[in-house]
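A short worksheet on the structure shown next.
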Amino acid sequence: MKSRILYTKPSITELEVRYATDAAANGWGERCYEYIDRFERAFCEHLGAKHAIATSSCTGALHMGLAALGVGPSDEVIMADTNWIASAAPIVQLGAKPVFVDILPDSWCISPAAAEAAITLRTKAILAVHLYGNLCDMDALLAIGQRHGIPVIEDAAEAIGSQYQGRRAGSMGAFGCFSFHGTKTLTTGEGGMFVTKDAALYERVLTLSNHGRARGQTKQFWPNVVGYKYKMSNLQAAIGCGQVERIEALIARKREIMQAYRQQLAGLPGVQLNPEPPGTVIGAWMPTVVFDGASGVKREALRQAFADENVDARVFFHPLSSLPMFEDCPVNRHAWAIPGRAINLPSYHDMTVEEIARVAAVVQRLAKA
Ligand SMILES: *Cc1c(COP(=O)(O)O)cnc(C)c1O
């Protein structure tokens with residue numbers, strides 16, 4: 001049996017270990033927020049954002065951001081049908097309804113035209129998720145938001161390192177959120193970040209994030225509203241500080257692996273990889289192959305071929321509307337068709353040239369079959 005190729009795993013160096021050890025030994029009492037503050041500042045600087053709040057997850061950051069925008073019962077939030085449920089769950093938990101629209105066939109991200117067509121009087125936000133690090137058409141989405149007076153928000157969990165006309169993913173909308181789960185480009189094990197340039201929104205989320213205790217409230221144990229508990233620990237933030245110092249290298253390696261796949265799969269008929277249109281740079285979190293409908297290559301054959309090679313390739317997200325808790329929306333043609341002939345390829349930092357070639361060979365074999 002050939003050695004297992006995992007689809008992701010973190011890159012942890014002596015630097016992260018040193019910071020985490022220091023946090024474990026010394027990061028208590030008066031120093032219990034030091035790494036958190038430092039991580040938030042460093043992440044803001046990387047992103048070109050004004051305000052950041054470290055959280056226990058991206059889901060938590062999104063939940064608080066939506067709550068701070070006033071999303072509640074009977075409201076609607078428009079998002080792409082192609083997504084992980086983490087982007088939809090907080091909408092449901094706030095009593096609102098996620099409205100699933102189709103994706104664009106090339107970027108696999110939300111179709112701006114479909115988003116605009118889905119706007120109703122109840123629409124409270126449009127959620128742009130930069131799928132697999134590919135970029136949403138932010139100019140179109142922001143223009144639609146402006147035209148209708150609806151905030152556009154960004155789930156950039158998969159888009160560390162992605163840039164749209166010089167602006168980093170997560171820094172363009174009313175707010176952005178990130179994940180530092182162990183599978184993501186930058187990791188703290190579990191963790192996330194809320195970012196915004198809107199000072200008022202920042203204050204609202206800061207209050208919500210602290211069990212509803214407003215900054216400046218002098219009375220002890222005195223929440224002003226019912227809030228949330230989605231904080232990051234100082235220990236996790238210490239690992240984050242190490243990771244953010246290495247962020248350019250982490251992104252560069254993702255892009256290198258993507259580039260190697262591009263070269264090795266170039267010219268194969270009916271095979272599409274993550275696009276990188278002019279004016280964009282992708283962080284290449286998840287190299288993904290989509291076969292043409294005409295190729296006849298199907299998900300099950302893909303899954304089996306990778307399993308035979310002991311490669312941990314993952315299936316493309318099922319349309320959320322096909323899950324049991326939502327109503328089917330097969331009119332979302334691309335969202336329903338693409339997962340049937342697509343696969344995510346492994347891309348972890350320490351992946352070797354031989355491993356990349358082994359993965360690419362599976363795709364080559366299928367494409368030529
Ligand atoms: C990973 C991911 C999330 C969830 O992140 P958590 O930190 O696990 O909550 C949300 N949205 C997208 C797009 C993701 O990829």
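Following the order of the structure tokens, first chain is A, next is B, and so on, with residues numbered from 1 inside each chain and ligands from 1 in the order they appear.
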
Selection as JSON, numbers by chain: residues within 6 Å of ligand 1 by only C-alpha atoms and all ligand atoms
{"A": [57, 58, 59, 86, 87, 129, 155, 157, 158, 179, 180, 181, 191, 192]}

Residues of region 139-219 of chain A that have any atom at most 7 Å from an atom of region 236-248 of chain A: could you tabulate them with the shortest-distance atom pair and the distance in Å to one decimal, using only C-alpha atoms, ordered by chain and increasing number, as a Markdown table?
```
| residue | atom | partner | partner_atom | distance |
| --- | --- | --- | --- | --- |
| A:Leu186 | CA | A:Gln243 | CA | 6.1 |
| A:Thr187 | CA | A:Gly240 | CA | 6.6 |
| A:Thr188 | CA | A:Gln236 | CA | 5.3 |
```

Within 8 Å of Leu268 (chain A) using only C-alpha atoms, minus same-chain residues under 2 positions, as a PyMOL selection string
chain A and resi 265-266+270-271+364+367-368

For the selection you just gave me, I'd like the residues written to a file as an mmCIF file, in the first residue's frame, keeping N, CA, C and O atoms.
```
data_model
loop_
_atom_site.group_PDB
_atom_site.id
_atom_site.type_symbol
_atom_site.label_atom_id
_atom_site.label_comp_id
_atom_site.auth_asym_id
_atom_site.auth_seq_id
_atom_site.Cartn_x
_atom_site.Cartn_y
_atom_site.Cartn_z
ATOM 1 N N LEU A 265 -1.543 19.457 -14.885
ATOM 2 C CA LEU A 265 -2.853 19.129 -15.456
ATOM 3 C C LEU A 265 -3.165 19.979 -16.684
ATOM 4 O O LEU A 265 -4.250 19.877 -17.258
ATOM 5 N N ALA A 266 -2.227 20.827 -17.079
ATOM 6 C CA ALA A 266 -2.452 21.726 -18.221
ATOM 7 C C ALA A 266 -2.723 20.903 -19.476
ATOM 8 O O ALA A 266 -2.083 19.873 -19.709
ATOM 9 N N GLY A 270 -11.254 18.871 -20.813
ATOM 10 C CA GLY A 270 -12.410 18.840 -19.922
ATOM 11 C C GLY A 270 -12.098 18.954 -18.455
ATOM 12 O O GLY A 270 -12.901 18.565 -17.612
ATOM 13 N N VAL A 271 -10.911 19.489 -18.116
ATOM 14 C CA VAL A 271 -10.550 19.633 -16.704
ATOM 15 C C VAL A 271 -10.387 21.115 -16.359
ATOM 16 O O VAL A 271 -9.641 21.821 -17.012
ATOM 17 N N GLN A 364 -4.864 12.781 -14.222
ATOM 18 C CA GLN A 364 -4.464 12.551 -15.621
ATOM 19 C C GLN A 364 -5.068 11.258 -16.144
ATOM 20 O O GLN A 364 -5.600 11.214 -17.261
ATOM 21 N N ALA A 367 -8.782 11.635 -16.750
ATOM 22 C CA ALA A 367 -9.109 12.530 -17.857
ATOM 23 C C ALA A 367 -8.845 11.870 -19.200
ATOM 24 O O ALA A 367 -9.511 12.171 -20.192
ATOM 25 N N LYS A 368 -7.871 10.962 -19.236
ATOM 26 C CA LYS A 368 -7.522 10.323 -20.502
ATOM 27 C C LYS A 368 -8.267 9.039 -20.741
ATOM 28 O O LYS A 368 -8.219 8.474 -21.832
#
```

Among the residues of region 134-305 of chain A, find those DSSP assigns to alpha helix (DSSP H) from the backbone and print them as number ranges by chain.
A: 138-148, 199-209, 234-245, 247-265, 299-305

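In this comparison, which uses only C-alpha atoms, the residue of A:Leu141, A:Leu6, A:Leu66, A:Ala61 approaching Thr183 (chain A) most closely is A:Leu6.
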
Strand (DSSP E or B) residues, from DSSP on the backbone, in region 1-141 of chain A, as a ChimeraX atom specification:
/A:5,51-55,76-80,82,97-101,103,110,123-129

Contact residues around Pro277 (chain A) with only C-alpha atoms at 12 Å, ignoring same-chain residues under 2 positions, as a ChimeraX atom specification:
/A:106-107,134-137,162-165,273-275,279-282

When you look at region 70-81 of chain A with a cut-off of 9 Å (counting only C-alpha atoms), what residues show up, excluding the ones that are within fewer than 3 positions of it in the same chain? I need them as a PyMOL selection string.
chain A and resi 65-67+87-88+91-103+108-111+115-116+118-129+318-322+329+332+335-336

Residues within 9 Å of Ile257 (chain A), please, as JSON, numbers by chain. Count only C-alpha atoms; anything in the same chain fewer than 2 positions from it doesn't count.
{"A": [252, 253, 254, 255, 259, 260, 261, 262, 284, 287, 347, 348, 349, 351, 353, 356]}

From A:Val205, A:Met325, A:Val152, A:Ile338, residue lying nearest Gln272 (chain A) [only C-alpha atoms]
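Comparing A:Val205, A:Met325, A:Val152, A:Ile338 against Gln272 (chain A), the winner is A:Ile338.
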
Pick out the residues sitting within 6 Å of Ala52 (chain A), and hand them over as a PyMOL selection string; count only C-alpha atoms, and ignore anything fewer than 5 positions along from it in its own chain.
chain A and resi 40+194-195

How about saving the chosen residues, C-alpha atoms kept, as a PDB file, in the first residue's frame?
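After the write, part_3.pdb holds the following:
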```pdb
ATOM      1  CA  GLU A  40      -5.622  40.744  16.506  1.00  0.00           C
ATOM      2  CA  PHE A 194     -14.224  39.015  13.005  1.00  0.00           C
ATOM      3  CA  VAL A 195     -12.924  42.047  11.073  1.00  0.00           C
TER       4      VAL A 195
END
```

Nearest candidate to Gly296 (chain A) (options A:Pro278, A:Pro324, A:Ala369, A:Trp222; using only C-alpha atoms)
A:Ala369

Which one of A:Ala174, A:Met1, A:Ala156, A:Ala342 sits closest to Leu201 (chain A) if you count only C-alpha atoms?
A:Ala174

Nearest to Asn234 (chain A), restricted to only C-alpha atoms and choosing among A:Val290, A:Leu366, A:Val359, A:Ala20, comes out as A:Ala20

Between A:Lys184, A:Arg31, A:Arg204, A:Arg147, single out the one closest to Tyr132 (chain A), counting only C-alpha atoms.
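Looking at the shortest contact to Tyr132 (chain A), the residue is A:Lys184.
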
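Pairwise distance (CA of Ile85 (chain A), CA of Glu190 (chain A)) equals 16.7 Å.
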
Between CA of Pro330 (chain A) and CA of Pro90 (chain A), what is the distance, to one decimal in Å?
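Spanning CA of Pro330 (chain A) to CA of Pro90 (chain A) is a straight-line distance of 23.2 Å.
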